[in-house]
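A quick write-up on the structure given underneath.
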Amino acid sequence: MKYRILGKTGFKISEISLGTWQVGGKWGSGFDDQKAEEILNTAIDNGINFIDTADVYEDGLSEAAVGRVVRSRSEKIYVATKCGRRISPHVNEGYTPEALTKFVEDSLKNTGLERLDFIQLHCPPTDVYYRPEIFETFERLQEQGKIDKLGVSVEKVEEGIKALEYDNVSTVQIIYNLFRQRPQEKFFKMAAEKNVGIIVRVPLASGLLTGKFSKDSHFSPEDHRNFNRDGEAFDKGETFAGVNFERGVEAANALKAVFPDTENLAPMALKWILRREEVSTVIPGASKVDHLLSNLSVEETPDLSEDQIQKMNRVYEEFIKNEVHQRW
């Protein structure tokens, strides 16, 4: 495992880390504690020392599993959780210092940890980024010893840029992958200048970038890749990185021509992200140990050649860019 410095935190974290949205099973399938613990322990056994979770993942069960495993291990594992999405309706007015403080206290109980390494605002409405009192709330929680660092998870580049104005924001979690390239245009440079760590989520575009889907692929009714394709439940950009599924399959098929001897494109897609030194870590999810090991295989995968990178980018320009580039 290779490690990188997470911005101003100074923490040395694994460049491939673990997102736990579906760690106890596939989206909407219910939570399997045994499976979750197997994935989490395998991740740590393989050098992962940064785990991302949230209070809304399976209604706190993901947080509880992460806390249980981390407390059982001797290694230092950084736990990053998120808060805010329990606000219903999820609107700016629901964000109050009192609500956010309660969420942090609930996460401490869920995880069983004495202090949260990271708390991240969980894709709040854009207006929240213009409210200094919200960010000041986390300064008080730091003073009380309940949290160590503050980060934000954003939907849009503009939200990430606004978050950089707050000195206590240590990290920004953002969607970035071959099919979502806009963050590298301005945001990466601005984050680097502020020494803010970049955590990349949805790195495989909900599986599109594995190259394993066809236009006939089906997903269960509970899977967001079925019910959220047009943003019915939450931001459309969370599902397939906002790309039309059929168009995304066509683009993935074009990628296969760049790597004709490669069955699984995931390591290539992750390598494409990790070529950027501004990226601190990537947090692909895993609902099976096999998925985790596939993601970890990037560590043994040769670096992409300049020719391969150019061909990958041409796929984006031909199939994807016009549809998604300016949207997020």
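Here's how to read the names in the structure tokens: chain A, B, ... by the order shown, residue numbers from 1 in each chain, ligand numbers from 1 in the order shown.
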
Output as a Markdown table one row per residue of stretch 127-203 of chain A within 9 Å of stretch 101-110 of chain A: the closest atom pair and its distance in Å to one decimal place, counting only C-alpha atoms, sorted by chain and residue number ascending.
| residue | atom | partner | partner_atom | distance |
| --- | --- | --- | --- | --- |
| A:Thr137 | CA | A:Thr101 | CA | 7.6 |
| A:Phe138 | CA | A:Thr101 | CA | 8.1 |
| A:Leu141 | CA | A:Thr101 | CA | 7.5 |
| A:Lys146 | CA | A:Val104 | CA | 7.7 |
| A:Ile147 | CA | A:Val104 | CA | 8.1 |

Store the residues picked out above, limited to N, CA, C and O atoms, as a PDB file, in the first residue's frame.
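Everything below was put into out-v5.pdb:
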ATOM      1  N   THR A 137     -19.756  26.027  14.546  1.00  0.00           N
ATOM      2  CA  THR A 137     -20.257  24.967  15.428  1.00  0.00           C
ATOM      3  C   THR A 137     -19.205  23.878  15.620  1.00  0.00           C
ATOM      4  O   THR A 137     -19.012  23.363  16.731  1.00  0.00           O
ATOM      5  N   PHE A 138     -18.502  23.551  14.552  1.00  0.00           N
ATOM      6  CA  PHE A 138     -17.523  22.461  14.634  1.00  0.00           C
ATOM      7  C   PHE A 138     -16.250  22.891  15.349  1.00  0.00           C
ATOM      8  O   PHE A 138     -15.538  22.047  15.910  1.00  0.00           O
ATOM      9  N   LEU A 141     -17.081  22.010  18.831  1.00  0.00           N
ATOM     10  CA  LEU A 141     -17.015  20.567  19.029  1.00  0.00           C
ATOM     11  C   LEU A 141     -15.566  20.089  19.102  1.00  0.00           C
ATOM     12  O   LEU A 141     -15.254  19.136  19.823  1.00  0.00           O
ATOM     13  N   LYS A 146     -14.796  16.391  20.979  1.00  0.00           N
ATOM     14  CA  LYS A 146     -15.694  15.416  20.360  1.00  0.00           C
ATOM     15  C   LYS A 146     -15.277  15.064  18.939  1.00  0.00           C
ATOM     16  O   LYS A 146     -15.568  13.964  18.453  1.00  0.00           O
ATOM     17  N   ILE A 147     -14.630  16.004  18.265  1.00  0.00           N
ATOM     18  CA  ILE A 147     -14.125  15.753  16.916  1.00  0.00           C
ATOM     19  C   ILE A 147     -12.696  16.278  16.817  1.00  0.00           C
ATOM     20  O   ILE A 147     -12.292  17.156  17.591  1.00  0.00           O
TER      21      ILE A 147
END

Could you build a table of the residues in stretch 49-163 of chain A lying no more than 6 Å from stretch 6-21 of chain A, giving for each the nearest pair of atoms and their separation in Å rounded to one decimal place, using only C-alpha atoms, ordered by chain and ascending residue number, as a tab-separated table?
residue	atom	partner	partner_atom	distance
A:Asn49	CA	A:Ser14	CA	5.9
A:Phe50	CA	A:Ser17	CA	5.4
A:Ile51	CA	A:Leu18	CA	5.0
A:Asp52	CA	A:Gly19	CA	4.9
A:Thr53	CA	A:Thr20	CA	5.3
A:Tyr57	CA	A:Trp21	CA	5.7

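Contact shell of stretch 221-226 of chain A at 12 Å (only C-alpha atoms; same-chain neighbours under 6 positions omitted): A:Trp21, A:Gln22, A:Gly25, A:Lys26, A:Trp27, A:Gly28, A:Ser29, A:Gly30, A:Ala205, A:Ser206, A:Gly207, A:Leu208, A:Phe213, A:Glu232, A:Ala233, A:Phe234, A:Asp235, A:Lys236, A:Gly237, A:Glu238, A:Thr239, A:Phe240, A:Ala241, A:Gly242, A:Val243, A:Asn244, A:Phe245.
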
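You can rank A:Met1, A:Ala257, A:Ile48, A:Val249 by their closest distance to A:Lys215 using only C-alpha atoms, and at the top of that list sits A:Val249.
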
If we count only C-alpha atoms and set the cut-off at 10 Å, which residues sit around A:Ala99, ignoring sequence neighbours fewer than 3 positions away in its own chain? Please answer as a compact mmCIF listing (two decimals) with all heavy atoms, in the first residue's frame.
# COMPACT_ATOMS: atom_id res chain seq x y z
N CYS A 83 -22.46 13.89 8.59
CA CYS A 83 -23.72 14.24 9.22
C CYS A 83 -24.48 15.27 8.39
O CYS A 83 -23.89 15.98 7.58
CB CYS A 83 -23.48 14.79 10.63
SG CYS A 83 -22.63 16.40 10.69
N GLY A 84 -25.77 15.31 8.60
CA GLY A 84 -26.63 16.29 7.94
C GLY A 84 -27.75 15.69 7.11
O GLY A 84 -28.81 16.30 6.97
N ARG A 86 -29.65 13.32 7.77
CA ARG A 86 -30.82 12.90 8.55
C ARG A 86 -31.85 14.02 8.66
O ARG A 86 -32.99 13.78 9.09
CB ARG A 86 -30.38 12.45 9.95
CG ARG A 86 -29.65 11.11 9.95
CD ARG A 86 -28.91 10.86 11.25
NE ARG A 86 -29.80 10.85 12.40
CZ ARG A 86 -29.39 10.92 13.67
NH1 ARG A 86 -28.09 11.03 13.94
NH2 ARG A 86 -30.26 10.90 14.65
N ILE A 87 -31.46 15.21 8.27
CA ILE A 87 -32.40 16.33 8.29
C ILE A 87 -33.47 16.10 7.23
O ILE A 87 -33.17 15.85 6.07
CB ILE A 87 -31.66 17.66 8.02
CG1 ILE A 87 -30.70 17.98 9.17
CG2 ILE A 87 -32.63 18.81 7.79
CD1 ILE A 87 -29.73 19.10 8.87
N GLY A 94 -32.95 23.41 7.92
CA GLY A 94 -32.82 22.32 8.89
C GLY A 94 -31.45 22.23 9.52
O GLY A 94 -31.26 21.56 10.54
N TYR A 95 -30.48 22.92 8.92
CA TYR A 95 -29.12 22.91 9.45
C TYR A 95 -29.01 23.95 10.57
O TYR A 95 -29.04 25.15 10.32
CB TYR A 95 -28.10 23.21 8.34
CG TYR A 95 -27.77 21.99 7.52
CD1 TYR A 95 -28.67 21.49 6.59
CD2 TYR A 95 -26.57 21.31 7.70
CE1 TYR A 95 -28.38 20.35 5.85
CE2 TYR A 95 -26.28 20.16 6.97
CZ TYR A 95 -27.19 19.70 6.04
OH TYR A 95 -26.91 18.56 5.33
N THR A 96 -28.92 23.46 11.79
CA THR A 96 -28.76 24.33 12.95
C THR A 96 -27.62 23.79 13.80
O THR A 96 -27.31 22.59 13.75
CB THR A 96 -30.04 24.36 13.82
OG1 THR A 96 -30.26 23.04 14.37
CG2 THR A 96 -31.25 24.78 13.00
N LYS A 102 -26.09 17.37 17.91
CA LYS A 102 -26.76 16.09 18.26
C LYS A 102 -26.30 14.97 17.34
O LYS A 102 -26.06 13.84 17.78
CB LYS A 102 -28.27 16.27 18.16
CG LYS A 102 -29.09 15.01 18.43
CD LYS A 102 -28.97 14.55 19.86
CE LYS A 102 -30.08 13.57 20.24
NZ LYS A 102 -30.20 12.40 19.37
N PHE A 103 -26.14 15.26 16.05
CA PHE A 103 -25.68 14.23 15.11
C PHE A 103 -24.28 13.74 15.48
O PHE A 103 -24.00 12.53 15.42
CB PHE A 103 -25.67 14.77 13.68
CG PHE A 103 -27.03 15.09 13.13
CD1 PHE A 103 -27.18 16.09 12.16
CD2 PHE A 103 -28.17 14.44 13.57
CE1 PHE A 103 -28.43 16.40 11.64
CE2 PHE A 103 -29.42 14.75 13.06
CZ PHE A 103 -29.55 15.73 12.10
N VAL A 104 -23.41 14.66 15.85
CA VAL A 104 -22.05 14.26 16.24
C VAL A 104 -22.10 13.37 17.48
O VAL A 104 -21.42 12.34 17.56
CB VAL A 104 -21.17 15.51 16.49
CG1 VAL A 104 -19.88 15.14 17.20
CG2 VAL A 104 -20.88 16.20 15.16

I want to know what sits within 12 Å of A:Lys256, based on only C-alpha atoms, with residues of the same chain fewer than 4 positions away left out; could you give that as an mmCIF file with all heavy atoms, in the first residue's frame?
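So around_14.cif came out as:
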data_model
loop_
_atom_site.group_PDB
_atom_site.id
_atom_site.type_symbol
_atom_site.label_atom_id
_atom_site.label_comp_id
_atom_site.auth_asym_id
_atom_site.auth_seq_id
_atom_site.Cartn_x
_atom_site.Cartn_y
_atom_site.Cartn_z
ATOM 1 N N LEU A 208 -19.767 1.662 -13.528
ATOM 2 C CA LEU A 208 -19.638 1.780 -14.982
ATOM 3 C C LEU A 208 -18.190 1.580 -15.423
ATOM 4 O O LEU A 208 -17.917 0.940 -16.445
ATOM 5 C CB LEU A 208 -20.115 3.157 -15.450
ATOM 6 C CG LEU A 208 -21.580 3.344 -15.832
ATOM 7 C CD1 LEU A 208 -21.824 4.789 -16.232
ATOM 8 C CD2 LEU A 208 -21.984 2.395 -16.944
ATOM 9 N N LEU A 209 -17.259 2.115 -14.637
ATOM 10 C CA LEU A 209 -15.859 2.090 -15.044
ATOM 11 C C LEU A 209 -15.161 0.763 -14.759
ATOM 12 O O LEU A 209 -13.964 0.642 -14.995
ATOM 13 C CB LEU A 209 -15.109 3.252 -14.391
ATOM 14 C CG LEU A 209 -15.376 4.608 -15.059
ATOM 15 C CD1 LEU A 209 -14.946 5.765 -14.178
ATOM 16 C CD2 LEU A 209 -14.669 4.679 -16.413
ATOM 17 N N THR A 210 -15.908 -0.225 -14.283
ATOM 18 C CA THR A 210 -15.329 -1.576 -14.225
ATOM 19 C C THR A 210 -15.375 -2.233 -15.595
ATOM 20 O O THR A 210 -14.653 -3.187 -15.867
ATOM 21 C CB THR A 210 -16.079 -2.468 -13.233
ATOM 22 O OG1 THR A 210 -17.429 -2.682 -13.708
ATOM 23 C CG2 THR A 210 -16.122 -1.848 -11.843
ATOM 24 N N GLY A 211 -16.281 -1.736 -16.454
ATOM 25 C CA GLY A 211 -16.447 -2.336 -17.776
ATOM 26 C C GLY A 211 -17.235 -3.628 -17.762
ATOM 27 O O GLY A 211 -17.281 -4.352 -18.758
ATOM 28 N N LYS A 212 -17.898 -3.912 -16.643
ATOM 29 C CA LYS A 212 -18.594 -5.196 -16.503
ATOM 30 C C LYS A 212 -20.090 -5.125 -16.802
ATOM 31 O O LYS A 212 -20.777 -6.140 -16.752
ATOM 32 C CB LYS A 212 -18.373 -5.748 -15.093
ATOM 33 C CG LYS A 212 -16.916 -6.100 -14.819
ATOM 34 C CD LYS A 212 -16.744 -6.735 -13.456
ATOM 35 C CE LYS A 212 -15.291 -7.162 -13.234
ATOM 36 N NZ LYS A 212 -15.099 -7.808 -11.918
ATOM 37 N N PHE A 213 -20.608 -3.938 -17.117
ATOM 38 C CA PHE A 213 -22.030 -3.806 -17.399
ATOM 39 C C PHE A 213 -22.289 -3.848 -18.905
ATOM 40 O O PHE A 213 -21.430 -3.473 -19.707
ATOM 41 C CB PHE A 213 -22.590 -2.496 -16.847
ATOM 42 C CG PHE A 213 -22.519 -2.365 -15.355
ATOM 43 C CD1 PHE A 213 -22.518 -1.112 -14.755
ATOM 44 C CD2 PHE A 213 -22.463 -3.476 -14.535
ATOM 45 C CE1 PHE A 213 -22.455 -0.971 -13.386
ATOM 46 C CE2 PHE A 213 -22.406 -3.355 -13.155
ATOM 47 C CZ PHE A 213 -22.399 -2.103 -12.582
ATOM 48 N N VAL A 249 -22.259 2.847 -20.783
ATOM 49 C CA VAL A 249 -21.836 1.515 -21.227
ATOM 50 C C VAL A 249 -21.081 1.620 -22.550
ATOM 51 O O VAL A 249 -20.052 0.956 -22.757
ATOM 52 C CB VAL A 249 -23.055 0.567 -21.349
ATOM 53 C CG1 VAL A 249 -22.669 -0.724 -22.051
ATOM 54 C CG2 VAL A 249 -23.633 0.266 -19.969
ATOM 55 N N GLU A 250 -21.576 2.457 -23.449
ATOM 56 C CA GLU A 250 -20.874 2.653 -24.726
ATOM 57 C C GLU A 250 -19.464 3.196 -24.486
ATOM 58 O O GLU A 250 -18.495 2.752 -25.111
ATOM 59 C CB GLU A 250 -21.661 3.628 -25.606
ATOM 60 C CG GLU A 250 -22.986 3.086 -26.117
ATOM 61 C CD GLU A 250 -23.774 4.146 -26.878
ATOM 62 O OE1 GLU A 250 -23.234 5.255 -27.094
ATOM 63 O OE2 GLU A 250 -24.928 3.864 -27.259
ATOM 64 N N ALA A 251 -19.347 4.140 -23.553
ATOM 65 C CA ALA A 251 -18.030 4.715 -23.254
ATOM 66 C C ALA A 251 -17.112 3.665 -22.634
ATOM 67 O O ALA A 251 -15.916 3.589 -22.969
ATOM 68 C CB ALA A 251 -18.188 5.899 -22.312
ATOM 69 N N ALA A 252 -17.656 2.858 -21.734
ATOM 70 C CA ALA A 252 -16.856 1.807 -21.109
ATOM 71 C C ALA A 252 -16.395 0.788 -22.157
ATOM 72 O O ALA A 252 -15.257 0.287 -22.099
ATOM 73 C CB ALA A 252 -17.653 1.117 -20.007
ATOM 74 N N PRO A 260 -7.175 -3.873 -24.330
ATOM 75 C CA PRO A 260 -7.816 -5.063 -24.912
ATOM 76 C C PRO A 260 -7.567 -6.357 -24.141
ATOM 77 O O PRO A 260 -8.356 -7.303 -24.251
ATOM 78 C CB PRO A 260 -7.196 -5.143 -26.314
ATOM 79 C CG PRO A 260 -5.916 -4.375 -26.221
ATOM 80 C CD PRO A 260 -6.172 -3.286 -25.240
ATOM 81 N N ASP A 261 -6.522 -6.422 -23.355
ATOM 82 C CA ASP A 261 -6.216 -7.643 -22.616
ATOM 83 C C ASP A 261 -6.635 -7.558 -21.152
ATOM 84 O O ASP A 261 -6.239 -8.397 -20.337
ATOM 85 C CB ASP A 261 -4.706 -7.944 -22.694
ATOM 86 C CG ASP A 261 -4.234 -8.152 -24.127
ATOM 87 O OD1 ASP A 261 -4.987 -8.777 -24.904
ATOM 88 O OD2 ASP A 261 -3.139 -7.673 -24.472
ATOM 89 N N THR A 262 -7.447 -6.566 -20.816
ATOM 90 C CA THR A 262 -7.849 -6.338 -19.423
ATOM 91 C C THR A 262 -9.334 -6.601 -19.256
ATOM 92 O O THR A 262 -10.161 -5.951 -19.893
ATOM 93 C CB THR A 262 -7.530 -4.889 -19.014
ATOM 94 O OG1 THR A 262 -6.129 -4.644 -19.199
ATOM 95 C CG2 THR A 262 -7.885 -4.647 -17.557
ATOM 96 N N GLU A 263 -9.664 -7.563 -18.381
ATOM 97 C CA GLU A 263 -11.068 -7.907 -18.155
ATOM 98 C C GLU A 263 -11.746 -6.910 -17.212
ATOM 99 O O GLU A 263 -12.901 -6.542 -17.402
ATOM 100 C CB GLU A 263 -11.165 -9.316 -17.568
ATOM 101 C CG GLU A 263 -12.600 -9.782 -17.371
ATOM 102 C CD GLU A 263 -12.667 -11.210 -16.871
ATOM 103 O OE1 GLU A 263 -11.671 -11.947 -17.005
ATOM 104 O OE2 GLU A 263 -13.724 -11.596 -16.346
ATOM 105 N N ASN A 264 -11.009 -6.492 -16.183
ATOM 106 C CA ASN A 264 -11.545 -5.567 -15.192
ATOM 107 C C ASN A 264 -10.861 -4.212 -15.334
ATOM 108 O O ASN A 264 -9.668 -4.081 -15.095
ATOM 109 C CB ASN A 264 -11.318 -6.144 -13.788
ATOM 110 C CG ASN A 264 -11.801 -5.210 -12.693
ATOM 111 O OD1 ASN A 264 -12.572 -4.282 -12.941
ATOM 112 N ND2 ASN A 264 -11.346 -5.441 -11.470
ATOM 113 N N LEU A 265 -11.634 -3.193 -15.709
ATOM 114 C CA LEU A 265 -11.072 -1.868 -15.937
ATOM 115 C C LEU A 265 -10.889 -1.057 -14.659
ATOM 116 O O LEU A 265 -10.281 0.010 -14.694
ATOM 117 C CB LEU A 265 -11.970 -1.081 -16.892
ATOM 118 C CG LEU A 265 -12.105 -1.612 -18.325
ATOM 119 C CD1 LEU A 265 -13.090 -0.743 -19.098
ATOM 120 C CD2 LEU A 265 -10.761 -1.645 -19.026
ATOM 121 N N ALA A 266 -11.403 -1.545 -13.528
ATOM 122 C CA ALA A 266 -11.371 -0.762 -12.294
ATOM 123 C C ALA A 266 -9.969 -0.285 -11.919
ATOM 124 O O ALA A 266 -9.782 0.904 -11.610
ATOM 125 C CB ALA A 266 -12.000 -1.548 -11.139
ATOM 126 N N MET A 268 -7.483 0.392 -13.781
ATOM 127 C CA MET A 268 -7.079 1.435 -14.724
ATOM 128 C C MET A 268 -7.792 2.753 -14.395
ATOM 129 O O MET A 268 -7.181 3.831 -14.452
ATOM 130 C CB MET A 268 -7.407 1.027 -16.158
ATOM 131 C CG MET A 268 -6.896 -0.347 -16.546
ATOM 132 S SD MET A 268 -5.127 -0.537 -16.235
ATOM 133 C CE MET A 268 -4.953 -2.305 -16.451
ATOM 134 N N ALA A 269 -9.070 2.647 -14.043
ATOM 135 C CA ALA A 269 -9.828 3.848 -13.689
ATOM 136 C C ALA A 269 -9.274 4.484 -12.416
ATOM 137 O O ALA A 269 -9.202 5.715 -12.300
ATOM 138 C CB ALA A 269 -11.299 3.499 -13.502
ATOM 139 N N GLN A 308 -1.905 5.986 -23.101
ATOM 140 C CA GLN A 308 -3.133 5.430 -22.539
ATOM 141 C C GLN A 308 -3.994 6.513 -21.911
ATOM 142 O O GLN A 308 -5.223 6.532 -22.092
ATOM 143 C CB GLN A 308 -2.781 4.359 -21.500
ATOM 144 C CG GLN A 308 -2.233 3.079 -22.095
ATOM 145 C CD GLN A 308 -1.717 2.127 -21.035
ATOM 146 O OE1 GLN A 308 -1.147 2.543 -20.010
ATOM 147 N NE2 GLN A 308 -1.891 0.831 -21.257
ATOM 148 N N LYS A 311 -5.745 8.456 -24.618
ATOM 149 C CA LYS A 311 -6.846 7.687 -25.218
ATOM 150 C C LYS A 311 -8.042 7.625 -24.273
ATOM 151 O O LYS A 311 -9.200 7.702 -24.714
ATOM 152 C CB LYS A 311 -6.361 6.294 -25.580
ATOM 153 C CG LYS A 311 -5.424 6.265 -26.784
ATOM 154 C CD LYS A 311 -4.919 4.857 -27.072
ATOM 155 C CE LYS A 311 -4.021 4.840 -28.307
ATOM 156 N NZ LYS A 311 -3.435 3.486 -28.556
ATOM 157 N N MET A 312 -7.791 7.476 -22.967
ATOM 158 C CA MET A 312 -8.887 7.479 -21.988
ATOM 159 C C MET A 312 -9.613 8.819 -22.007
ATOM 160 O O MET A 312 -10.850 8.879 -21.994
ATOM 161 C CB MET A 312 -8.332 7.180 -20.590
ATOM 162 C CG MET A 312 -7.760 5.773 -20.437
ATOM 163 S SD MET A 312 -6.899 5.522 -18.864
ATOM 164 C CE MET A 312 -8.292 5.238 -17.759
ATOM 165 N N VAL A 315 -12.002 9.209 -24.852
ATOM 166 C CA VAL A 315 -13.291 8.545 -24.628
ATOM 167 C C VAL A 315 -14.232 9.500 -23.889
ATOM 168 O O VAL A 315 -15.412 9.629 -24.242
ATOM 169 C CB VAL A 315 -13.102 7.232 -23.831
ATOM 170 C CG1 VAL A 315 -14.457 6.673 -23.384
ATOM 171 C CG2 VAL A 315 -12.359 6.196 -24.674
#

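Between atom CA of A:Gly285 and atom CA of A:Pro203 the separation is 9.1 Å.
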
Spatial neighbours of A:Tyr316, 9 Å, only C-alpha atoms, chain gap at least 6 places, as number ranges by chain
A: 178-181, 251

A:Arg4, A:Val69, A:Ala43, A:Phe319 ranked by distance to A:Lys288, top pick (using only C-alpha atoms):
A:Ala43

If you run DSSP over the backbone, which residues in stretch 36-241 of chain A end up strand (DSSP E or B)? Put them as number ranges by chain.
A: 50-52, 78-83, 116-122, 147-153, 169-175, 177, 180, 197-201

Pick from A:Arg68, A:Lys162, A:Arg182, A:Lys271 nearest to A:Pro132, counting only C-alpha atoms:
A:Lys162

Could you pull the residues within 7 Å of A:Ile175, counting only C-alpha atoms, minus those fewer than 3 positions along the same chain, as a PyMOL selection string?
chain A and resi 200-203

Pull N, CA, C and O atoms from the residues just selected and write them as a PDB file, in the first residue's frame.
ATOM      1  N   VAL A 200     -11.528  11.437  -2.911  1.00  0.00           N
ATOM      2  CA  VAL A 200     -12.301  11.175  -4.127  1.00  0.00           C
ATOM      3  C   VAL A 200     -13.315  10.072  -3.872  1.00  0.00           C
ATOM      4  O   VAL A 200     -12.963   8.959  -3.462  1.00  0.00           O
ATOM      5  N   ARG A 201     -14.583  10.388  -4.127  1.00  0.00           N
ATOM      6  CA  ARG A 201     -15.641   9.391  -4.002  1.00  0.00           C
ATOM      7  C   ARG A 201     -16.249   9.083  -5.366  1.00  0.00           C
ATOM      8  O   ARG A 201     -16.006   9.785  -6.346  1.00  0.00           O
ATOM      9  N   VAL A 202     -17.053   8.023  -5.421  1.00  0.00           N
ATOM     10  CA  VAL A 202     -17.661   7.532  -6.663  1.00  0.00           C
ATOM     11  C   VAL A 202     -16.594   7.396  -7.760  1.00  0.00           C
ATOM     12  O   VAL A 202     -16.790   7.840  -8.892  1.00  0.00           O
ATOM     13  N   PRO A 203     -15.448   6.812  -7.448  1.00  0.00           N
ATOM     14  CA  PRO A 203     -14.351   6.777  -8.418  1.00  0.00           C
ATOM     15  C   PRO A 203     -14.599   5.871  -9.613  1.00  0.00           C
ATOM     16  O   PRO A 203     -13.957   6.032 -10.647  1.00  0.00           O
TER      17      PRO A 203
END

Those in stretch 35-258 of chain A with helix (DSSP H, G or I) from DSSP, as number ranges by chain:
A: 35-45, 57-72, 92-94, 97-111, 126-130, 132-143, 157-163, 182-184, 187-193, 205-210, 224-227, 236-238, 240-242, 245-258

Selected residues written out, C-alpha atoms, as a compact mmCIF listing (two decimals), in the first residue's frame:
# COMPACT_ATOMS: atom_id res chain seq x y z
CA LYS A 35 -19.95 -9.50 5.89
CA ALA A 36 -19.22 -5.92 6.93
CA GLU A 37 -16.65 -7.01 9.50
CA GLU A 38 -15.00 -9.35 6.99
CA ILE A 39 -14.59 -6.53 4.46
CA LEU A 40 -13.39 -4.05 7.07
CA ASN A 41 -10.83 -6.42 8.57
CA THR A 42 -9.59 -7.43 5.12
CA ALA A 43 -9.16 -3.76 4.24
CA ILE A 44 -7.08 -3.12 7.36
CA ASP A 45 -5.09 -6.32 6.83
CA TYR A 57 -25.66 4.39 5.93
CA GLU A 58 -28.11 1.66 6.91
CA ASP A 59 -29.41 3.91 9.70
CA GLY A 60 -26.21 3.85 11.75
CA LEU A 61 -25.36 0.18 11.29
CA SER A 62 -22.39 1.02 9.07
CA GLU A 63 -21.02 3.41 11.69
CA ALA A 64 -21.47 0.77 14.38
CA ALA A 65 -19.65 -1.89 12.34
CA VAL A 66 -16.77 0.48 11.57
CA GLY A 67 -16.44 1.45 15.22
CA ARG A 68 -16.59 -2.16 16.38
CA VAL A 69 -13.82 -3.27 14.02
CA VAL A 70 -11.61 -0.23 14.59
CA ARG A 71 -11.84 -0.67 18.37
CA SER A 72 -10.78 -4.31 17.98
CA ASN A 92 -30.89 24.73 4.43
CA GLU A 93 -33.21 25.74 7.28
CA GLY A 94 -32.82 22.32 8.89
CA PRO A 97 -25.92 24.16 15.46
CA GLU A 98 -28.18 22.19 17.79
CA ALA A 99 -29.06 19.56 15.16
CA LEU A 100 -25.46 19.11 14.03
CA THR A 101 -24.19 18.82 17.60
CA LYS A 102 -26.76 16.09 18.26
CA PHE A 103 -25.68 14.23 15.11
CA VAL A 104 -22.05 14.26 16.24
CA GLU A 105 -23.02 12.96 19.67
CA ASP A 106 -25.09 10.21 18.06
CA SER A 107 -22.16 9.19 15.86
CA LEU A 108 -19.92 8.96 18.91
CA LYS A 109 -22.44 6.59 20.49
CA ASN A 110 -22.83 4.57 17.29
CA THR A 111 -19.10 4.08 16.79
CA THR A 126 -25.55 25.04 -1.35
CA ASP A 127 -26.87 27.78 0.94
CA VAL A 128 -25.31 26.08 3.97
CA TYR A 129 -21.84 26.97 2.66
CA TYR A 130 -22.72 30.64 3.07
CA PRO A 132 -20.34 30.85 8.93
CA GLU A 133 -22.20 29.88 12.11
CA ILE A 134 -22.49 26.32 10.84
CA PHE A 135 -18.74 25.99 10.46
CA GLU A 136 -18.16 27.71 13.81
CA THR A 137 -20.26 24.97 15.43
CA PHE A 138 -17.52 22.46 14.63
CA GLU A 139 -14.87 24.66 16.21
CA ARG A 140 -16.74 24.32 19.49
CA LEU A 141 -17.01 20.57 19.03
CA GLN A 142 -13.25 20.45 18.48
CA GLU A 143 -12.70 22.44 21.67
CA VAL A 157 -17.25 22.10 -7.69
CA GLU A 158 -18.61 25.51 -6.66
CA GLU A 159 -19.54 24.14 -3.21
CA GLY A 160 -16.02 22.78 -2.78
CA ILE A 161 -14.54 26.15 -3.70
CA LYS A 162 -16.79 27.94 -1.19
CA ALA A 163 -15.86 25.45 1.55
CA ARG A 182 -14.39 19.05 -14.06
CA PRO A 183 -12.86 19.12 -10.52
CA GLN A 184 -9.35 18.99 -11.98
CA PHE A 187 -10.67 23.09 -7.79
CA PHE A 188 -7.60 20.86 -7.46
CA LYS A 189 -5.22 23.82 -7.73
CA MET A 190 -7.23 25.90 -5.25
CA ALA A 191 -7.40 23.05 -2.73
CA ALA A 192 -3.65 22.47 -3.03
CA GLU A 193 -2.98 26.17 -2.40
CA ALA A 205 -19.00 5.85 -11.56
CA SER A 206 -21.21 3.37 -9.67
CA GLY A 207 -19.50 0.47 -11.41
CA LEU A 208 -19.64 1.78 -14.98
CA LEU A 209 -15.86 2.09 -15.04
CA THR A 210 -15.33 -1.58 -14.23
CA HIS A 224 -30.01 3.46 -6.43
CA ARG A 225 -28.62 2.48 -9.84
CA ASN A 226 -32.20 1.51 -10.62
CA PHE A 227 -34.32 4.13 -8.83
CA LYS A 236 -28.50 12.57 -9.97
CA GLY A 237 -24.72 12.94 -10.02
CA GLU A 238 -24.39 10.30 -7.29
CA PHE A 240 -23.27 6.65 -12.55
CA ALA A 241 -21.64 10.07 -11.90
CA GLY A 242 -24.66 11.61 -13.64
CA PHE A 245 -26.44 4.51 -18.26
CA GLU A 246 -26.59 3.36 -21.89
CA ARG A 247 -24.18 6.09 -22.95
CA GLY A 248 -21.88 5.13 -20.08
CA VAL A 249 -21.84 1.52 -21.23
CA GLU A 250 -20.87 2.65 -24.73
CA ALA A 251 -18.03 4.72 -23.25
CA ALA A 252 -16.86 1.81 -21.11
CA ASN A 253 -16.85 -0.43 -24.18
CA ALA A 254 -14.68 2.13 -25.95
CA LEU A 255 -12.29 2.00 -22.98
CA LYS A 256 -11.96 -1.74 -23.43
CA ALA A 257 -10.32 -1.06 -26.79
CA VAL A 258 -7.63 0.93 -24.96

Gap from atom CA of A:Trp272 to atom CA of A:Leu150 - Å, one decimal
27.4 Å
